[in-house]
Structures are given as C-alpha cells and as structure tokens.
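upload02.cif follows (mmCIF, C-alpha atoms):
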```cif
data_upload
loop_
_atom_site.label_atom_id
_atom_site.label_comp_id
_atom_site.auth_asym_id
_atom_site.auth_seq_id
_atom_site.Cartn_x
_atom_site.Cartn_y
_atom_site.Cartn_z
CA MET A 1 56.73 181.25 -0.37
CA GLU A 2 53.98 183.77 0.31
CA ALA A 3 54.13 183.35 4.08
CA GLU A 4 57.91 183.59 4.11
CA LEU A 5 57.89 186.56 1.76
CA ARG A 6 55.42 188.47 3.93
CA SER A 7 57.43 187.84 7.11
CA GLN A 8 60.45 189.79 5.91
CA PRO A 9 59.85 193.06 7.81
CA GLU A 10 59.83 191.06 11.05
CA THR A 11 62.90 188.96 10.22
CA TRP A 12 64.86 192.07 9.18
CA ALA A 13 63.99 193.79 12.44
CA HIS A 14 65.13 190.70 14.35
CA ALA A 15 68.42 190.56 12.44
CA ALA A 16 69.09 194.24 13.05
CA GLU A 17 68.97 193.61 16.81
CA LEU A 18 71.59 190.83 16.81
CA ARG A 19 74.39 193.07 18.06
CA THR A 20 76.48 190.27 19.58
CA GLU A 21 76.34 188.22 16.38
CA GLN A 22 77.18 191.28 14.26
CA LYS A 23 80.47 191.57 16.14
CA LEU A 24 81.47 188.17 14.73
CA LEU A 25 81.77 189.70 11.26
CA PRO A 26 85.16 191.00 10.10
CA ALA A 27 86.33 194.22 11.70
CA ALA A 28 87.04 197.45 9.85
CA GLY A 29 90.34 197.32 8.00
CA GLU A 30 90.40 193.57 7.47
CA ARG A 31 90.76 192.22 3.94
CA ILE A 32 87.98 189.72 3.35
CA ALA A 33 86.23 187.54 0.79
CA VAL A 34 82.52 186.71 0.83
CA VAL A 35 81.34 183.52 -0.87
CA GLY A 36 78.07 181.79 -1.65
CA CYS A 37 76.12 179.96 -4.34
CA GLY A 38 73.11 181.19 -6.29
CA THR A 39 71.07 183.62 -4.23
CA SER A 40 73.71 183.64 -1.48
CA TRP A 41 76.36 184.65 -4.02
CA PHE A 42 74.26 187.64 -5.03
CA MET A 43 73.93 188.65 -1.37
CA ALA A 44 77.70 188.27 -1.09
CA GLN A 45 78.08 190.72 -3.98
CA SER A 46 75.88 193.25 -2.23
CA TYR A 47 77.70 192.85 1.10
CA ALA A 48 81.07 193.27 -0.60
CA ALA A 49 80.00 196.46 -2.37
CA LEU A 50 78.49 197.94 0.80
CA ARG A 51 81.52 197.17 2.97
CA GLU A 52 84.15 198.38 0.55
CA SER A 53 82.17 201.51 -0.37
CA ALA A 54 81.98 202.32 3.34
CA GLY A 55 85.79 202.32 3.47
CA LEU A 56 85.94 199.32 5.80
CA GLY A 57 88.48 197.32 3.85
CA VAL A 58 89.06 195.33 0.68
CA THR A 59 86.06 193.06 0.18
CA ASP A 60 85.84 190.59 -2.69
CA SER A 61 82.91 188.35 -3.56
CA PHE A 62 83.02 185.00 -5.30
CA ALA A 63 80.80 182.13 -6.31
CA ALA A 64 82.03 179.39 -3.98
CA SER A 65 82.84 177.14 -6.93
CA GLU A 66 85.11 179.79 -8.47
CA ALA A 67 86.59 181.44 -5.38
CA PHE A 68 90.20 182.64 -5.26
CA VAL A 69 90.78 182.53 -1.52
CA ASP A 70 94.57 182.08 -1.43
CA ARG A 71 95.15 185.83 -1.35
CA ASP A 72 96.01 186.30 2.33
CA TYR A 73 92.54 187.37 3.34
CA ASP A 74 92.09 188.12 7.02
CA ALA A 75 88.66 186.50 6.94
CA ILE A 76 86.30 184.62 4.65
CA VAL A 77 82.53 184.86 5.10
CA ALA A 78 80.35 182.06 3.70
CA ILE A 79 76.62 182.65 3.24
CA THR A 80 74.38 179.60 2.91
CA ARG A 81 70.75 179.06 3.83
CA SER A 82 70.94 175.27 4.09
CA GLY A 83 74.47 174.79 5.39
CA THR A 84 74.72 171.77 3.10
CA THR A 85 75.64 173.28 -0.28
CA THR A 86 78.44 171.15 -1.72
CA GLU A 87 80.58 173.92 -3.20
CA VAL A 88 80.57 175.95 0.02
CA LEU A 89 81.44 172.94 2.18
CA GLU A 90 84.20 171.86 -0.20
CA LEU A 91 85.73 175.34 -0.08
CA LEU A 92 85.65 175.50 3.72
CA ASP A 93 87.02 171.98 4.02
CA ARG A 94 89.87 172.87 1.68
CA LEU A 95 90.68 175.96 3.71
CA ARG A 96 90.75 173.95 6.93
CA ASP A 97 92.98 171.25 5.45
CA ALA A 98 95.38 173.88 4.09
CA GLY A 99 95.76 175.43 7.52
CA THR A 100 94.97 178.89 6.21
CA ARG A 101 95.34 181.80 8.61
CA SER A 102 92.08 183.32 7.36
CA ARG A 103 89.31 183.27 9.97
CA THR A 104 86.13 181.70 8.58
CA ILE A 105 82.63 182.89 9.43
CA GLY A 106 79.40 181.22 8.32
CA ILE A 107 76.00 182.87 8.01
CA VAL A 108 73.45 180.06 7.97
CA GLY A 109 69.73 179.50 8.18
CA ASP A 110 69.81 175.90 9.44
CA PRO A 111 72.30 175.63 12.32
CA GLU A 112 72.09 171.82 12.52
CA THR A 113 74.21 171.31 9.42
CA PRO A 114 77.80 170.41 8.44
CA LEU A 115 78.78 174.06 7.88
CA VAL A 116 78.84 174.74 11.61
CA GLY A 117 81.73 172.37 12.17
CA LEU A 118 83.80 173.82 9.35
CA VAL A 119 83.94 177.50 10.37
CA ASP A 120 85.60 179.35 13.22
CA ASP A 121 82.49 181.41 13.98
CA VAL A 122 78.87 181.00 12.94
CA VAL A 123 75.97 183.45 12.71
CA LYS A 124 72.75 181.47 13.06
CA LEU A 125 69.56 182.89 11.53
CA PRO A 126 67.08 180.02 12.11
CA PHE A 127 64.17 182.47 12.33
CA ALA A 128 64.80 183.31 8.67
CA ASP A 129 65.13 179.73 7.42
CA GLU A 130 62.57 178.59 4.87
CA LYS A 131 60.60 175.60 3.65
CA SER A 132 60.12 176.91 0.10
CA VAL A 133 62.77 175.99 -2.42
CA VAL A 134 62.63 179.55 -3.77
CA GLN A 135 64.50 181.78 -1.31
CA THR A 136 63.08 185.08 -0.16
CA ARG A 137 63.49 185.93 3.51
CA PHE A 138 66.78 184.16 4.32
CA ALA A 139 68.67 186.04 1.65
CA THR A 140 67.23 189.44 2.46
CA THR A 141 67.56 188.87 6.21
CA ALA A 142 71.21 187.95 5.82
CA LEU A 143 71.74 191.17 3.89
CA ALA A 144 69.77 193.17 6.47
CA PHE A 145 72.00 191.63 9.13
CA VAL A 146 75.22 192.71 7.43
CA ARG A 147 73.82 196.16 6.65
CA ALA A 148 73.07 196.61 10.34
CA SER A 149 76.59 195.42 11.18
CA LEU A 150 77.94 198.21 8.97
CA GLY A 151 76.06 200.79 11.01
CA GLU A 152 73.03 201.29 8.77
CA ASP A 153 69.68 202.24 10.29
CA LEU A 154 67.14 199.87 8.75
CA ASP A 155 63.98 201.42 10.21
CA SER A 156 62.92 203.01 6.91
CA ALA A 157 63.71 199.89 4.90
CA ILE A 158 61.66 197.76 7.30
CA ALA A 159 58.70 200.16 7.15
CA GLU A 160 58.85 200.27 3.36
CA ALA A 161 59.03 196.48 3.17
CA ALA A 162 55.90 196.29 5.31
CA GLN A 163 54.12 198.40 2.68
CA ALA A 164 55.68 196.43 -0.18
CA VAL A 165 54.20 193.12 1.00
CA THR A 166 50.64 194.44 0.73
CA GLU A 167 50.55 197.10 -2.00
CA GLU A 168 48.72 196.46 -5.25
CA LEU A 169 51.04 195.52 -8.09
CA PRO A 170 50.40 197.09 -11.53
CA GLU A 171 49.53 194.91 -14.48
CA ALA A 172 52.49 196.41 -16.37
CA LEU A 173 54.72 194.43 -13.99
CA LEU A 174 52.60 191.30 -13.68
CA GLY A 175 51.92 190.74 -17.37
CA ALA A 176 55.20 191.66 -19.03
CA GLU A 177 56.82 189.46 -21.66
CA GLN A 178 60.41 190.08 -20.52
CA TYR A 179 62.28 191.72 -17.62
CA SER A 180 65.70 193.36 -17.36
CA PHE A 181 66.81 194.12 -13.80
CA LEU A 182 69.49 196.75 -13.23
CA GLY A 183 71.50 198.00 -10.26
CA THR A 184 74.52 200.03 -9.23
CA ASN A 185 77.05 199.35 -6.48
CA TRP A 186 75.35 197.14 -3.85
CA THR A 187 72.10 196.89 -5.81
CA VAL A 188 73.74 195.00 -8.68
CA GLY A 189 73.48 191.91 -6.49
CA LEU A 190 69.80 192.67 -5.93
CA ALA A 191 69.24 192.94 -9.68
CA HIS A 192 70.79 189.52 -10.23
CA GLU A 193 68.69 188.11 -7.39
CA ALA A 194 65.45 189.58 -8.75
CA ALA A 195 66.12 188.02 -12.13
CA LEU A 196 66.86 184.67 -10.51
CA LYS A 197 63.62 184.79 -8.48
CA MET A 198 61.58 185.39 -11.62
CA ARG A 199 63.27 182.52 -13.44
CA GLU A 200 62.97 180.09 -10.53
CA ALA A 201 59.40 180.82 -9.46
CA SER A 202 57.67 181.64 -12.74
CA GLN A 203 60.01 180.49 -15.54
CA SER A 204 60.00 184.06 -16.83
CA TRP A 205 62.45 185.49 -19.34
CA THR A 206 64.75 187.70 -17.29
CA GLU A 207 68.17 189.30 -17.55
CA SER A 208 70.24 191.44 -15.14
CA TYR A 209 73.09 193.90 -15.50
CA PRO A 210 74.96 196.75 -13.86
CA ALA A 211 72.89 199.76 -14.89
CA LYS A 212 75.53 201.53 -16.96
CA GLU A 213 76.23 198.32 -18.89
CA TYR A 214 72.62 198.13 -20.04
CA ARG A 215 73.10 200.61 -22.87
CA HIS A 216 76.15 198.67 -24.10
CA GLY A 217 73.98 196.16 -25.93
CA PRO A 218 71.29 194.72 -23.64
CA ILE A 219 68.90 197.63 -24.22
CA ALA A 220 68.37 196.13 -27.67
CA ILE A 221 65.91 193.72 -26.03
CA ALA A 222 63.71 196.53 -24.66
CA ALA A 223 60.33 196.89 -26.39
CA PRO A 224 56.65 197.53 -25.64
CA GLY A 225 55.30 194.93 -23.23
CA ARG A 226 58.68 194.47 -21.55
CA VAL A 227 60.06 195.86 -18.29
CA THR A 228 63.34 197.48 -17.34
CA TRP A 229 63.47 197.53 -13.53
CA MET A 230 66.08 199.71 -11.84
CA PHE A 231 67.07 199.24 -8.19
CA GLY A 232 68.23 202.52 -6.65
CA ASP A 233 69.16 205.76 -8.38
CA ALA A 234 69.15 205.46 -12.16
CA PRO A 235 72.05 206.82 -14.22
CA ASP A 236 71.31 210.09 -15.98
CA GLY A 237 69.31 209.63 -19.16
CA LEU A 238 68.50 205.97 -18.63
CA ALA A 239 64.78 206.47 -18.01
CA GLY A 240 64.45 208.46 -21.22
CA ASP A 241 66.39 205.93 -23.24
CA VAL A 242 64.15 203.11 -22.00
CA ALA A 243 61.01 205.16 -22.61
CA ALA A 244 62.08 205.64 -26.22
CA THR A 245 61.99 201.85 -26.71
CA GLY A 246 58.39 201.61 -25.50
CA ALA A 247 59.36 199.42 -22.54
CA HIS A 248 58.07 200.13 -19.04
CA PHE A 249 60.73 201.69 -16.77
CA GLU A 250 60.25 200.74 -13.10
CA ASN A 251 62.28 202.73 -10.57
CA SER A 252 60.87 203.02 -7.07
CA SER A 253 62.15 205.57 -4.57
CA ILE A 254 61.94 203.11 -1.66
CA ASP A 255 64.91 201.28 -0.16
CA SER A 256 66.19 198.82 -2.76
CA LEU A 257 65.92 195.84 -0.43
CA ALA A 258 62.23 196.66 0.06
CA ASP A 259 61.91 197.02 -3.72
CA LEU A 260 63.31 193.52 -4.08
CA VAL A 261 60.32 192.35 -2.03
CA ARG A 262 58.08 193.82 -4.74
CA ALA A 263 59.98 191.81 -7.37
CA GLN A 264 59.55 188.67 -5.27
CA ARG A 265 55.82 189.31 -5.19
CA VAL A 266 55.72 189.71 -8.96
CA ALA A 267 57.50 186.37 -9.32
CA LEU A 268 54.97 184.71 -7.00
CA ALA A 269 51.98 186.27 -8.75
CA ARG A 270 53.24 185.16 -12.16
CA ALA A 271 53.83 181.64 -10.87
CA ARG A 272 50.22 181.46 -9.78
CA ARG A 273 49.03 182.97 -13.05
CA PHE A 274 50.86 180.24 -14.97
CA GLY A 275 49.73 177.44 -12.65
CA LEU A 276 53.24 176.83 -11.26
CA ASP A 277 54.29 175.85 -7.74
CA PRO A 278 57.07 178.19 -6.55
CA ASP A 279 57.65 176.04 -3.46
CA HIS A 280 58.70 173.17 -5.72
CA PRO A 281 60.02 174.76 -8.94
CA ARG A 282 61.04 172.75 -11.95
CA ASN A 283 64.48 171.11 -11.81
CA LEU A 284 65.39 172.66 -8.43
CA THR A 285 65.93 171.44 -4.87
CA ARG A 286 66.30 173.36 -1.59
CA SER A 287 70.06 172.72 -1.52
CA VAL A 288 72.47 171.67 -4.26
CA ILE A 289 74.25 168.58 -2.98
CA LEU A 290 76.51 167.15 -5.65
CA ALA A 291 77.49 163.51 -5.96
CA SER A 292 81.07 162.89 -4.89
#
```
In structure tokens, what does this structure look like?
Amino acid sequence: MEAELRSQPETWAHAAELRTEQKLLPAAGERIAVVGCGTSWFMAQSYAALRESAGLGVTDSFAASEAFVDRDYDAIVAITRSGTTTEVLELLDRLRDAGTRSRTIGIVGDPETPLVGLVDDVVKLPFADEKSVVQTRFATTALAFVRASLGEDLDSAIAEAAQAVTEELPEALLGAEQYSFLGTNWTVGLAHEAALKMREASQSWTESYPAKEYRHGPIAIAAPGRVTWMFGDAPDGLAGDVAATGAHFENSSIDSLADLVRAQRVALARARRFGLDPDHPRNLTRSVILAS
C-alpha cells in the first residue's frame, strides 16, 4: 500500500497524457451513467459531479448493484480496478443481452479480465493497477484521467500530491478517536472514499457526508479527540461550529485529490500503529466475486 500510495503523482501525470484514450469517454452533450462498486462507485460520483457541473451533459452515478440504466442513456461508463467484480459484469452482461443502444466504456486496471469483452470501448490503466487489497492509486488515477478528459490542468494537483506523500502528519490526525469526512459537489465522493480507506485499512470509526448535511444531525458526534475533515471549500460557518464542539477541523487548501492522499496516509499510519496489515485487511479480498 505504501509503495502504491507514493506512486500517485507519477500515475496521475501518466493518465493526464492519455489523450487518445480520453477521447473514448462520452462526448459533451451525451446523457450518461457512471457505475462502480465500493471505491469505484465513489469515483463515479466524483466524475458525475464534475461532468455535469461543467455543463457537459446529464451524468448520473450508481452503485452497479443498484443501477437504473434503462433510461435511454447515450453511454454507460463502468469503473473497476480488477475487471472481475460480479455486480459490474452482471450489469454489462445484462445490457449486452438486452441489445441496449447505450455505448459502454470500461475503465480498468487489469486489462486481462472479463470486463474487456463486455464493453464497446475500454480504457486500460495497467500502470495504476495494484497488489494491495486496499485501493489507493487506481481510484485516484482513474479520477485524474477523467478530470484531464474534461479539460482540467492537473499540474498543481500533481505537485501538491508529491508534497502530500512526504509531509509530516500531525498527531491530531493520527491519534483521533473518530473521523467525519465531508465534501461538496465532486468532493463528496472523495469524502466517502476517505472514510472507506480508514475503515478498510485501520478499522477506524469513520463517517462521511455532504458538507451541508453535517449540521443536520451528524455534528452531534463531534467532540474533543475527534476529527471533522473537509475536502475543498467549507460552507460558511462550518469551521466555527466544529470548533465549538472541541473537535479538530481539518481543511487543507490543496487540491482535494491531493488531500485524499493525506487521508490515505493517515489510514496507513493508523494500520501500522494498531498492528494491522492494510494489504490484507480483515474480511476483504481484492475483488468481490459472488457465488452464482
């Protein structure tokens, strides 16, 4: 996990240069759905928010197991590191059997997998594939790839990620009892992903919410020794409200994808502190393959 985590500035830069592959993604104006499971679903949420906010067309995101894809989408994008996740393959197989007119595109880490034969076009990111069960670089590289496809300049994000993989982490983050991760727009997906990383790698108590929902109940959990971590610009008054609870409010000014790298590092450090193996976390496997 550490080696893969630290390689992210390089894999993002590589993804940003894949201009031919970026053209495989849906064009402006197309109505699309983006699907995935677990971490890939959270990246789908971020992609959907970025694309629709940019005015490039209706973009919905779904967990593959709960996807409503019979809505005359022009294209459906499936994100999967392994290419073997049962729910994603079942969805794509169902679409193919139904003869849907929607073009299907896969974004995959391992190109030698069943997914490749089920989609019309495939974006292969083998340089971002991973051995660790806990995902870091594939997810963020996939999101860097789609951000670049939307015309974003990732130079600052890459430079900030390079700093994030080496900077000293404060004890307030490493030793907290509980974490609430928050986001707005495209960073809501990052908040969900940060919480998942902490649960997977270090069995930590984490929650995640859209930032403006936090004061509608979840802030009741905030207290001294706990962390509220905001990705991106915080809503007015939120920092003060969290401070009043005694919780630590974390809100970096760096690109939110680079800030996610910091959260990954906290998850790894806590795993080591607790004597856990984040490459082989409890109850988890690299890909969820369900019995038929």
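Restricting the calculation to only C-alpha atoms, the smallest distance between Thr245 in chain A and any of A:Ile219, A:Ala258, A:Ala48, A:Leu18 is found for A:Ile219.
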Each residue of range 100-132 of chain A with at least one atom at most 10 Å from range 136-157 of chain A should appear once, together with its nearest atom pair and the corresponding distance in Å (one decimal); atoms considered: only C-alpha atoms; ordering: chain, then increasing residue number; output as JSON lines.
```
{"residue": "A:Ile107", "atom": "CA", "partner": "A:Ala142", "partner_atom": "CA", "distance": 7.3}
{"residue": "A:Val108", "atom": "CA", "partner": "A:Ala142", "partner_atom": "CA", "distance": 8.5}
{"residue": "A:Gly109", "atom": "CA", "partner": "A:Phe138", "partner_atom": "CA", "distance": 6.7}
{"residue": "A:Val123", "atom": "CA", "partner": "A:Ala142", "partner_atom": "CA", "distance": 9.5}
{"residue": "A:Lys124", "atom": "CA", "partner": "A:Ala142", "partner_atom": "CA", "distance": 9.8}
{"residue": "A:Leu125", "atom": "CA", "partner": "A:Ala142", "partner_atom": "CA", "distance": 7.8}
{"residue": "A:Pro126", "atom": "CA", "partner": "A:Phe138", "partner_atom": "CA", "distance": 8.8}
{"residue": "A:Phe127", "atom": "CA", "partner": "A:Phe138", "partner_atom": "CA", "distance": 8.6}
{"residue": "A:Ala128", "atom": "CA", "partner": "A:Phe138", "partner_atom": "CA", "distance": 4.9}
{"residue": "A:Asp129", "atom": "CA", "partner": "A:Phe138", "partner_atom": "CA", "distance": 5.7}
{"residue": "A:Glu130", "atom": "CA", "partner": "A:Phe138", "partner_atom": "CA", "distance": 7.0}
{"residue": "A:Ser132", "atom": "CA", "partner": "A:Thr136", "partner_atom": "CA", "distance": 8.7}
```
So what does the PyMOL selection byres ((chain A and resi 260) around 9) actually pick up in this one, as a list of chain:residue names? A:Thr140, A:Ala161, A:Leu190, A:Ala191, A:Glu193, A:Ala194, A:Phe231, A:Asp255, A:Ser256, A:Leu257, A:Ala258, A:Asp259, A:Val261, A:Arg262, A:Ala263, A:Gln264, A:Arg265
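Between CA of Thr113 in chain A and CA of Tyr47 in chain A the interatomic distance comes to 23.4 Å.
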Would you list the contacts of Leu91 in chain A as a PyMOL selection string, taking every protein, DNA or RNA residue within 9 Å and counting all atoms listed in the file, but skipping same-chain residues closer than 3 positions in sequence? chain A and resi 64-65+67+69+86-88+94-96
Can you pull out every residue within 10 Å of Arg6 in chain A, counting only C-alpha atoms, but drop anything in the same chain fewer than 2 positions away, and send it as an NGL selection string? :A and (1-4 or 8-11 or 136-137 or 161-162 or 164-166 or 261 or 265)
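Atom pair CA of Met230 in chain A / CA of Ser204 in chain A: separated by 17.5 Å.
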What is the CA of Leu174 in chain A-CA of Val188 in chain A distance in Å, reported with one decimal? 22.0 Å
Non-local contacts of Ser46 in chain A (9 Å; all atoms listed in the file; under 2 positions in same chain excluded) as a JSON list (two decimals) with C-alpha atoms, keeping the file's coordinate frame:
```
[["chain", "number", "residue", "atom", "x", "y", "z"],
["A", 41, "TRP", "CA", 76.36, 184.65, -4.02],
["A", 42, "PHE", "CA", 74.26, 187.64, -5.03],
["A", 43, "MET", "CA", 73.93, 188.65, -1.37],
["A", 44, "ALA", "CA", 77.70, 188.27, -1.09],
["A", 48, "ALA", "CA", 81.07, 193.27, -0.60],
["A", 49, "ALA", "CA", 80.00, 196.46, -2.37],
["A", 50, "LEU", "CA", 78.49, 197.94, 0.80],
["A", 51, "ARG", "CA", 81.52, 197.17, 2.97],
["A", 61, "SER", "CA", 82.91, 188.35, -3.56],
["A", 143, "LEU", "CA", 71.74, 191.17, 3.89],
["A", 185, "ASN", "CA", 77.05, 199.35, -6.48],
["A", 186, "TRP", "CA", 75.35, 197.14, -3.85],
["A", 187, "THR", "CA", 72.10, 196.89, -5.81],
["A", 188, "VAL", "CA", 73.74, 195.00, -8.68],
["A", 189, "GLY", "CA", 73.48, 191.91, -6.49],
["A", 190, "LEU", "CA", 69.80, 192.67, -5.93]]
```
Compare A:Ala223, A:Val77, A:Val133, A:Leu25 by their minimum atom-to-atom distance to Leu115 in chain A, counting all atoms listed in the file, and give me the closest one. A:Val77
What residues come out when you apply the PyMOL selection byres ((chain A and resi 36) around 6) to this file, written as a PDB file with C-alpha atoms, in the frame of the given file?
```pdb
ATOM      1  CA  VAL A  35      81.340 183.520  -0.870  1.00  0.00           C
ATOM      2  CA  CYS A  37      76.120 179.960  -4.340  1.00  0.00           C
ATOM      3  CA  SER A  40      73.710 183.640  -1.480  1.00  0.00           C
ATOM      4  CA  TRP A  41      76.360 184.650  -4.020  1.00  0.00           C
ATOM      5  CA  ALA A  63      80.800 182.130  -6.310  1.00  0.00           C
ATOM      6  CA  ALA A  64      82.030 179.390  -3.980  1.00  0.00           C
ATOM      7  CA  ALA A  78      80.350 182.060   3.700  1.00  0.00           C
ATOM      8  CA  ILE A  79      76.620 182.650   3.240  1.00  0.00           C
TER       9      ILE A  79
END
```
Residues around (57.3, 184.1, -11.9), cut-off 6 Å, counting only C-alpha atoms - what are they as a ChimeraX atom specification? /A:198,201-204,267-268,270-271
How would the residues just picked look written out with C-alpha atoms as a compact mmCIF listing (two decimals), in the frame of the given file?
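Ended up saving to selection-v9.txt:
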```txt
# COMPACT_ATOMS: atom_id res chain seq x y z
CA MET A 198 61.58 185.39 -11.62
CA ALA A 201 59.40 180.82 -9.46
CA SER A 202 57.67 181.64 -12.74
CA GLN A 203 60.01 180.49 -15.54
CA SER A 204 60.00 184.06 -16.83
CA ALA A 267 57.50 186.37 -9.32
CA LEU A 268 54.97 184.71 -7.00
CA ARG A 270 53.24 185.16 -12.16
CA ALA A 271 53.83 181.64 -10.87
```
